[in-house]
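*Asks:* target.tsv (TSV, C-alpha atoms) pasted underneath:
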```
chain	number	residue	atom	x	y	z
A	34	MET	CA	0.00	0.00	0.00
A	35	PRO	CA	1.40	3.46	-0.83
A	36	VAL	CA	2.89	5.35	2.07
A	37	ARG	CA	1.83	8.97	2.21
A	38	GLN	CA	3.76	11.81	3.72
A	39	ARG	CA	3.30	15.57	3.75
A	40	VAL	CA	5.79	17.62	1.72
A	41	ASP	CA	6.12	21.21	0.63
A	42	ALA	CA	5.11	22.59	-2.78
A	43	ALA	CA	8.68	22.52	-4.14
A	44	SER	CA	9.10	18.81	-3.40
A	45	ALA	CA	5.74	17.99	-4.93
A	46	GLY	CA	6.75	19.94	-8.03
A	47	GLN	CA	9.96	17.91	-8.38
A	48	PHE	CA	7.95	14.73	-7.99
A	49	ASN	CA	5.66	15.73	-10.85
A	50	ARG	CA	8.49	17.03	-13.01
A	51	PHE	CA	10.23	13.66	-13.23
A	52	GLY	CA	7.20	11.86	-14.55
A	53	TYR	CA	5.80	10.08	-11.53
A	54	GLY	CA	2.28	11.39	-12.22
A	55	ARG	CA	0.32	14.30	-10.89
A	56	VAL	CA	-0.06	14.38	-7.15
A	57	HIS	CA	-1.68	16.72	-4.70
A	58	MET	CA	0.75	19.35	-3.49
A	59	ASP	CA	0.65	18.11	0.07
A	60	PHE	CA	1.29	14.40	-0.49
A	61	VAL	CA	3.76	12.16	-2.33
A	62	LEU	CA	4.88	8.57	-1.98
A	63	ALA	CA	7.52	8.18	0.70
A	64	LYS	CA	11.06	8.02	-0.63
A	65	PRO	CA	12.90	4.68	-0.42
A	66	ASP	CA	15.84	4.37	1.96
A	67	THR	CA	18.85	5.40	-0.12
A	68	ARG	CA	21.53	4.93	2.52
A	69	LYS	CA	24.33	2.97	0.87
A	70	GLY	CA	25.28	-0.46	2.13
A	71	LEU	CA	22.04	-1.25	3.91
A	72	GLY	CA	20.35	-3.15	1.10
A	73	MET	CA	22.91	-5.96	1.21
A	74	GLY	CA	23.44	-6.10	4.95
A	75	LYS	CA	26.15	-4.56	7.05
A	76	TYR	CA	28.78	-7.26	6.53
A	77	ILE	CA	30.15	-8.94	3.41
A	78	MET	CA	32.53	-11.92	3.66
A	79	PRO	CA	33.52	-14.94	1.56
A	80	GLN	CA	30.60	-16.80	3.14
A	81	SER	CA	28.10	-14.16	1.93
A	82	PRO	CA	25.84	-14.54	-1.13
A	83	GLU	CA	27.74	-11.62	-2.66
A	84	SER	CA	30.85	-13.83	-2.64
A	85	ILE	CA	31.20	-17.63	-2.69
A	86	GLY	CA	28.65	-18.41	0.01
A	87	VAL	CA	26.41	-20.37	-2.36
A	88	ILE	CA	29.36	-22.44	-3.56
A	89	LEU	CA	30.46	-23.19	0.00
A	90	GLY	CA	26.94	-24.24	0.88
A	91	GLY	CA	26.79	-26.55	-2.14
A	92	MET	CA	30.02	-28.21	-1.00
A	93	GLY	CA	28.50	-28.90	2.40
A	94	SER	CA	31.22	-27.02	4.25
A	95	GLU	CA	31.27	-27.10	8.03
A	96	ALA	CA	30.75	-24.24	10.46
A	97	PRO	CA	33.85	-22.08	10.98
A	98	ALA	CA	36.30	-23.08	13.72
A	99	SER	CA	39.51	-21.63	15.13
A	100	GLY	CA	42.61	-22.54	13.11
A	101	ALA	CA	46.14	-21.37	12.35
A	102	TRP	CA	47.09	-19.37	9.28
A	103	GLY	CA	48.56	-21.67	6.68
A	104	VAL	CA	51.73	-19.89	5.51
A	105	ALA	CA	53.44	-16.89	7.09
A	106	ASN	CA	53.18	-13.81	4.83
A	107	GLY	CA	50.85	-15.68	2.49
A	108	ALA	CA	47.70	-13.84	1.43
A	109	ILE	CA	44.37	-15.20	0.26
A	110	ALA	CA	41.70	-13.31	-1.70
A	111	PHE	CA	38.08	-13.98	-2.64
A	112	PRO	CA	35.78	-12.27	-5.15
A	113	ILE	CA	32.71	-10.26	-4.23
A	114	TRP	CA	30.01	-8.98	-6.58
A	115	LEU	CA	28.05	-5.88	-5.60
A	116	THR	CA	24.70	-5.15	-7.24
A	117	GLU	CA	24.41	-1.73	-5.59
A	118	PRO	CA	26.78	0.77	-3.93
A	119	PHE	CA	28.24	-0.27	-0.59
A	120	TRP	CA	29.76	2.00	2.04
A	121	VAL	CA	32.98	0.57	3.47
A	122	ARG	CA	33.76	1.95	6.90
A	123	SER	CA	35.80	-0.90	8.36
A	124	LEU	CA	37.62	-4.12	7.53
A	125	TRP	CA	37.32	-7.01	9.95
A	126	VAL	CA	38.44	-10.54	10.76
A	127	ALA	CA	37.04	-13.11	13.19
A	128	ASN	CA	39.96	-14.00	15.47
A	129	GLY	CA	40.33	-17.50	16.83
A	130	ALA	CA	41.50	-19.00	20.12
A	131	ALA	CA	44.95	-17.35	20.03
A	132	VAL	CA	46.35	-14.12	18.63
A	133	ALA	CA	49.89	-13.32	17.54
A	134	GLY	CA	51.78	-11.40	14.91
A	135	ASN	CA	50.28	-8.97	12.47
A	136	LEU	CA	47.72	-8.92	9.69
A	137	ASP	CA	46.59	-6.78	6.80
A	138	MET	CA	43.21	-6.68	5.07
A	139	GLY	CA	42.30	-4.95	1.84
A	140	ILE	CA	40.05	-4.50	-1.16
A	141	TYR	CA	41.14	-4.84	-4.79
A	142	ASP	CA	39.31	-3.95	-7.98
A	143	GLU	CA	38.51	-6.45	-10.73
A	144	LYS	CA	42.00	-5.91	-12.19
A	145	PHE	CA	43.62	-6.70	-8.82
A	146	ARG	CA	44.67	-3.11	-8.10
A	147	LYS	CA	44.47	-2.20	-4.43
A	148	ILE	CA	41.70	0.25	-3.56
A	149	LEU	CA	42.34	0.41	0.17
A	150	SER	CA	43.76	-1.59	3.05
A	151	CYS	CA	44.12	-1.24	6.79
A	152	GLY	CA	47.91	-1.67	6.60
A	153	ALA	CA	50.11	-3.55	9.05
A	154	THR	CA	47.94	-4.21	12.11
A	155	ALA	CA	48.68	-6.23	15.24
A	156	GLN	CA	46.23	-9.10	15.68
A	157	ALA	CA	44.35	-8.36	18.90
A	158	GLY	CA	41.54	-9.96	20.87
A	159	VAL	CA	41.00	-13.68	21.37
A	160	SER	CA	37.76	-15.05	19.90
A	161	VAL	CA	36.43	-11.63	18.93
A	162	LEU	CA	35.62	-9.74	15.77
A	163	GLN	CA	38.62	-7.50	15.23
A	164	ARG	CA	37.46	-4.47	13.30
A	165	VAL	CA	39.78	-1.84	11.83
A	166	ALA	CA	38.31	1.49	10.78
A	167	VAL	CA	39.31	2.85	7.37
A	168	PRO	CA	38.49	6.12	5.57
A	169	VAL	CA	34.90	5.82	4.31
A	170	ARG	CA	34.85	4.60	0.73
A	171	THR	CA	31.88	3.89	-1.53
A	172	LEU	CA	32.25	0.82	-3.71
A	173	GLU	CA	30.03	1.12	-6.75
A	174	ALA	CA	28.26	-1.92	-8.19
A	175	GLY	CA	30.74	-4.34	-9.76
A	176	GLN	CA	33.31	-7.01	-8.97
A	177	TYR	CA	36.00	-6.68	-6.31
A	178	TRP	CA	38.38	-8.90	-4.35
A	179	ILE	CA	38.82	-8.92	-0.59
A	180	ALA	CA	42.17	-10.10	0.74
A	181	LEU	CA	43.66	-11.12	4.09
A	182	VAL	CA	47.27	-11.85	5.04
A	183	LYS	CA	49.09	-12.75	8.28
A	184	ASP	CA	52.83	-12.62	8.92
A	185	ASP	CA	52.88	-15.68	11.20
A	186	VAL	CA	51.33	-19.12	11.70
A	187	VAL	CA	50.75	-18.83	15.44
A	188	GLY	CA	47.78	-16.49	15.57
A	189	ARG	CA	44.46	-18.13	14.79
A	190	VAL	CA	41.43	-17.04	12.80
A	191	MET	CA	37.98	-18.49	12.40
A	192	ARG	CA	37.89	-20.52	9.20
A	193	GLN	CA	36.06	-23.26	7.36
A	194	THR	CA	38.34	-26.26	6.92
A	195	SER	CA	36.09	-28.89	5.38
A	196	LEU	CA	37.14	-28.16	1.80
A	197	PRO	CA	39.45	-30.75	0.20
A	198	ALA	CA	42.34	-29.24	-1.75
A	199	PRO	CA	40.78	-29.61	-5.23
A	200	CYS	CA	37.65	-27.77	-4.10
A	201	GLN	CA	39.48	-24.70	-2.85
A	202	GLY	CA	40.24	-23.72	-6.44
A	203	ALA	CA	36.62	-24.36	-7.37
A	204	ALA	CA	35.68	-21.91	-4.64
A	205	MET	CA	37.72	-19.30	-6.55
A	206	GLY	CA	40.14	-18.36	-3.79
A	207	LEU	CA	43.45	-16.88	-4.95
A	208	GLY	CA	46.71	-17.06	-3.04
A	209	MET	CA	49.85	-14.94	-3.11
A	210	ALA	CA	53.14	-15.63	-1.34
A	211	ALA	CA	55.31	-12.95	0.30
A	212	ALA	CA	52.34	-10.58	0.38
A	213	TYR	CA	52.69	-8.90	3.78
A	214	PRO	CA	51.73	-6.14	3.90
A	215	LEU	CA	49.29	-6.35	1.02
A	216	PRO	CA	50.92	-5.10	-2.21
A	217	ALA	CA	49.57	-2.49	-4.61
A	218	THR	CA	48.78	-5.25	-7.11
A	219	PHE	CA	47.59	-8.70	-6.09
A	220	VAL	CA	49.35	-11.30	-8.23
A	221	GLY	CA	47.32	-14.33	-7.30
A	222	LEU	CA	47.36	-17.97	-8.30
A	223	GLU	CA	44.82	-20.67	-7.50
A	224	SER	CA	45.07	-21.04	-3.73
A	225	SER	CA	46.50	-24.23	-2.27
A	226	ALA	CA	44.90	-23.48	1.09
A	227	VAL	CA	42.19	-25.87	2.25
A	228	TYR	CA	40.28	-23.32	4.31
A	229	VAL	CA	38.18	-20.20	3.89
A	230	PRO	CA	38.78	-17.58	6.61
A	231	VAL	CA	35.99	-15.46	8.06
A	232	PHE	CA	36.80	-11.84	7.28
A	233	GLY	CA	35.47	-9.04	5.14
A	234	ILE	CA	34.15	-5.51	4.83
A	235	SER	CA	31.51	-3.64	6.82
A	236	SER	CA	29.40	-0.54	6.47
A	237	ILE	CA	29.58	0.05	10.23
A	238	LEU	CA	32.46	0.80	12.61
```
How would this structure read if it were set down as structure tokens?
*Replies:*
Amino acid sequence: MPVRQRVDAASAGQFNRFGYGRVHMDFVLAKPDTRKGLGMGKYIMPQSPESIGVILGGMGSEAPASGAWGVANGAIAFPIWLTEPFWVRSLWVANGAAVAGNLDMGIYDEKFRKILSCGATAQAGVSVLQRVAVPVRTLEAGQYWIALVKDDVVGRVMRQTSLPAPCQGAAMGLGMAAAYPLPATFVGLESSAVYVPVFGISSIL
């Protein structure tokens, strides 16, 4: 059912001007919520529908559990597809049962050029969502890559480990060695990792 709200004459005139039909000066249909990032949810991660979540579900992957990072200074990246603009205000990772060393998280465009990253950051907080604020950036609709790297194998992150090695490539994860901190260009190959970490981007701090 249409939602009605009172507006001034100027707003009603704009409404009519752009072809939505004649309306009484005092009433127009309520505007939709145009705040960016809210239509898709406040978090996007590899497990999201905007990434490889459907593929992971089809493989019957297990719930995430705490596990060590596979290779020190090795990065892993996953694609995301946005159908509408998304406000990025923070990057985040779900830490596991132990923290150590440093990490870096970032976003790359479809040509693997870095758009932003949080830079070298100490891993902090056992079994918590570690969120790092970044300058607000609007990602327009399109394809991107989100990447995570750690400089050690002691600190743990939440990850899905039920994927056999051949399936990791099918899940479209890319790996890059000697990638700490994240480079300006991600030169990735099919990942040999057998896990999918829980990390991503958020429209909230």
*Asks:* Between A:Leu136, A:Ala210, A:Leu124, A:Val182, single out the one closest to Ser235 in chain A, counting only C-alpha atoms.
*Replies:*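 Ranked by minimum distance to Ser235 in chain A, first place goes to A:Leu124.
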*Asks:* One number please: CA of Leu207 in chain A to CA of Val231 in chain A, in Å, one decimal.
*Replies:*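 About the pair CA of Leu207 in chain A and CA of Val231 in chain A: they are 15.1 Å apart.
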*Asks:* Please enclose the listed atoms of range 82-88 of chain A in an axis-aligned box, pad each side by 5 Å, and write out the centre and the three edge lengths in Å, rounded to one decimal, as JSON.
*Replies:*
```
{"center_x": 28.5, "center_y": -17.0, "center_z": -1.8, "size_x": 15.4, "size_y": 20.8, "size_z": 13.6}
```
*Asks:* Name the residues in contact with Asn135 in chain A at a cut-off of 10 Å, using all atoms listed in the file, excluding same-chain residues fewer than 3 positions from it; report them as a PyMOL selection string.
*Replies:* chain A and resi 106+132+152-157+182-185+188+213-214
*Asks:* Smallest atom-to-atom distance to Ala130 in chain A: which of A:Ser99, A:Ser225, A:Ser94, A:Gln193, using all atoms listed in the file?
*Replies:*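 Using all atoms listed in the file, Ala130 in chain A sits closest to A:Ser99.
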*Asks:* Find the residues around range 159-164 of chain A up to 8 Å (all atoms listed in the file counted), leave out those fewer than 6 positions away in its own chain, and share them as a list of chain:residue names.
*Replies:*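 The residues that qualify are A:Ser123, A:Leu124, A:Trp125, A:Val126, A:Ala127, A:Asn128, A:Gly129, A:Ala130, A:Ala131, A:Val132, A:Leu238.
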*Asks:* So how far away is CA of Gly208 in chain A from CA of Arg146 in chain A, in Å?
*Replies:*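 Spanning CA of Arg146 in chain A to CA of Gly208 in chain A is a straight-line distance of 15.0 Å.
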*Asks:* Would you list the residues near (35.3, -11.5, 6.3), meaning any protein, DNA or RNA residue with an atom at most 10 Å from that point in file coordinates, counting all atoms listed in the file, as a ChimeraX atom specification?
*Replies:* /A:76-81,111,124-127,138,162,179-181,191-192,229-235
